[in-house]
Amino acid sequence: MNNMWQWLTKYASPMRFYLLVNKLTPWFGWSAVILFLAGLYGAFFYAPPDYQQGESFRIIYVHVPSAWMSMFVYMVMATAGALGLIWKTKVSDAIARSCAPLGASFAFLALATGSLWGKPMWGAWWVWDARLTSELILLFLYLGFIALQSAIDDRRSAARAGAVLALVGVVNIPIIHYSVEWWSTLHQGPTVSKLDTPSIHIDMLIPLLIMITAFMCYFAAMLLIRARCEIIDQEKNSQWVGELVLGMDAQNE
Amino acid sequence: MIITTGFDAFKSILVRDIILGLRNQSDFVNPLIFFIIVITMFPLSIGPEQETLRQLAPAIVWVAAVLASSLSLDGLFRTDFEDGSLEQILLSPHSSMLLISAKILSHWILSGLPLILLVILSGSLLYLPITGVKTLLITLLLGTPVLSLVGAIAGALTMGLRNSGMLQALLTLPLLLPLLIFSVSAVNNALKGLLVSGEFYFLGAILVLALTLAPLAVLSALKIRLG
Amino acid sequence: METNLSQSNSTLSVSKLGCSRYDSMLFSNLNFSVSNGQLIQIEGENGSGKTTLLKTLCGFIEPEEGEVLWQGENIRSVREAYASELNYIGHSNGIKSGLTCIENLKLSTAFTSCLITTDFEQVLKQFGLAGHEDSFSFSLSAGQKRRLALACLSIRKACLWILDEPFTSLDEPGKNAMKKIFHKHLQTGGMILMTSHDLIQWDGITPITIRL
């Protein structure tokens, strides 16, 4: 436990974090590529067609992981923000800031794929389904976070303000989720949510799990790259960045 | 030497804000006029049929209340920030949470309470029967403090930024959606003669949550923005 | 009646202080202390970090390095005790323009744990604002607003005054009146820490100067 603590605090230093990212990114990046290929193969060829929805259900292999990731990323963002508030670490601020556009993209992807799914099934490009509506509100929360951070000039102040907002959002997300679900049953009666995933057969489940892992690796790679950029930007006046740039210049010549 | 207590301080800030709010008559009255105008937009755009308006009445009143409240929240911390009073409040030896709560309470008295009083007027504009109006009154009583509390968080976070009013609304509105859902459903259920205790319990729970957590969030946000 | 403002030796000290703004360090390794009866004048060009320093001393900004100590303890851990001994006037005056002068003075109840006097009319007279008791603060000139701010400050019992350019907008008589008030405050055991970019002629006070 102590060792893990020491390891974590070691990487709270921006410079060490930068070096760590350089080492880790290729692993996550390549894993993501391999897993995506495997997952998409499984999604299109391995999984049997659904008895109810035919081939169009295959979009769940993008829709479900995106929706899941959008929630997960929000938790990561809020946690990183909280760590930044408590321990004032620059690295956690950079991570929180980098999570937001990724999470928003996942949310948007979930909405877009949900919409694409809805069209062949129900003939409408959009349905006010409980899950899609919750996803839309989550997108609003992300956009608000991004808007707030971009409106504040001082990086440290922006990070802390964003963290407070993310924490307020975390408290609200269960409330929003529950109330939207309640609202949805109120207005649609007791029918099951239109875009519910079909009862899952093991052959359908495996590609889904692969895709979720692929999304996670992709997120990890993208997060690390973005956070690295943030750190460099933040530390641009420090010595180690100067040396880094000089080293790169020397390499290029 | 006169020792001042926390209660004196609370009262002092509360009275100050109410006096300032009442003196700036336009700041006080404009959101209420806005409220009525927004309500008026609906019969004019949908058509004056009683049945349609009655069905939509709770939703229209609540949406208008949320928008009007967002308007009036803009000045909650901005003037204090600009003239340095906010720094004085945070430097006071009295509990900052207490003084901030006084500000939020004054905002509710100046904007939420008048909205509640306007309910009868807005209800009759939209053909809402008396049972509906009564339930609407209770939902506003439980909900308008939440509008002030949650709006104060966004107001504190966006203090001093350009276009803060719009940004603040963007941050607040998604957080208020559960409130909207339960309030409107409560009135609709009351009109159908169904029990509304479930909705009221939920609204009460949201209010208690906001009362306990929002001042903390507001204070953190103010300290962050002042730094 | 002269009131002794501080119990015993009070000190505000700063140890290895460093502050940054917008990703660059403004100053670092700053060390000094203020004790009873001392006046510290912080000098520096625009942008050198004078206001940031004052805000850090008040506790609004967290320093990048080092700490600010009141009576030997970090100001974050003795917030209430520090706040009850601190009066601060920043660039903006901290007075509400929508309130009258008397109302602004009455408001001091909220900002201090101990009021020196409630004879507000007398205080206004002292600061040259007699006759303006019921005028709204927005109708005052910049110099009068500054005087009102200092009036509000004077009725709050506090031994440390932190002032950001207190003499701006004041005319010569105003400045002299202010110097007299500073003198009295220092004599009763108070401390003053201020910034100024003007050269000030002090009579009877020897300020300690710190250059950023």
# chains A, B, ... in the order shown; residues from 1 in each chain; ligands from 1
$ residues_around --residues "Leu105 (chain C)" --least-positions-apart "3" --cutoff "7 Å" --atoms "only C-alpha atoms" --output "CSV table (one decimal) with N, CA and C atoms, in the first residue's frame"
chain,number,residue,atom,x,y,z
C,101,CYS,N,-23.7,56.5,3.0
C,101,CYS,CA,-22.5,56.4,3.7
C,101,CYS,C,-22.8,55.7,5.1
C,102,ILE,N,-23.8,56.2,5.8
C,102,ILE,CA,-24.1,55.6,7.1
C,102,ILE,C,-24.4,54.1,6.9
C,108,SER,N,-20.4,47.3,8.5
C,108,SER,CA,-19.2,46.8,9.1
C,108,SER,C,-19.4,45.7,10.1
C,120,PHE,N,-21.5,56.6,14.2
C,120,PHE,CA,-21.2,56.7,12.8
C,120,PHE,C,-21.0,58.1,12.3
C,152,CYS,N,-14.8,53.0,7.0
C,152,CYS,CA,-15.3,51.6,7.4
C,152,CYS,C,-14.2,50.8,8.0
$ interface_residues --of "chain C" --to "chain A" --cutoff "10 Å" --atoms "only C-alpha atoms" --output "PyMOL selection string"
chain C and resi 21-25
$ interface_residues --of "chain A" --to "chain B" --cutoff "10 Å" --atoms "only C-alpha atoms" --output "VMD selection string"
chain A and resid 85 136 to 145 147 to 149 151 to 154 156 to 165 167 to 169 171 to 173 175 to 180 182 to 183 186 to 187
$ interface_residues --of "chain C" --to "chain B" --cutoff "7 Å" --atoms "only C-alpha atoms" --output "list in words"
Phe60, Ile61, Glu80, Ala83, Ser84, Ser92, Asn93, Gly94, Ile95, Lys96, Gly98, Leu107, Thr109, Ala110, Phe111, Thr112, Ser113, Cys114, Leu115, Ile116 and Thr117 of chain C
$ select_by_dssp --residues "region 117-194 of chain C" --states "alpha helix (DSSP H)" --output "ChimeraX atom specification"
/C:120-126,142-154,172-187
$ select_by_dssp --residues "region 19-145 of chain C" --states "strand (DSSP E)" --output "PyMOL selection string"
chain C and resi 19-21+24-35+39-43+65-70+73-74+86-89+114-115
$ atom_distance --atom1 "CA of Lys103 (chain B)" --atom2 "CA of Gln25 (chain B)"
17.7 Å
$ closest_atom_pairs --of "region 64-134 of chain A" --to "region 7-11 of chain A" --cutoff "12 Å" --atoms "only C-alpha atoms" --output "Markdown table"
| residue | atom | partner | partner_atom | distance |
| --- | --- | --- | --- | --- |
| A:Leu83 | CA | A:Thr9 | CA | 11.5 |
| A:Trp87 | CA | A:Thr9 | CA | 10.1 |
| A:Lys88 | CA | A:Thr9 | CA | 11.8 |
| A:Thr89 | CA | A:Thr9 | CA | 9.3 |
| A:Lys90 | CA | A:Tyr11 | CA | 10.6 |
| A:Val91 | CA | A:Tyr11 | CA | 8.1 |
| A:Ser92 | CA | A:Tyr11 | CA | 10.1 |
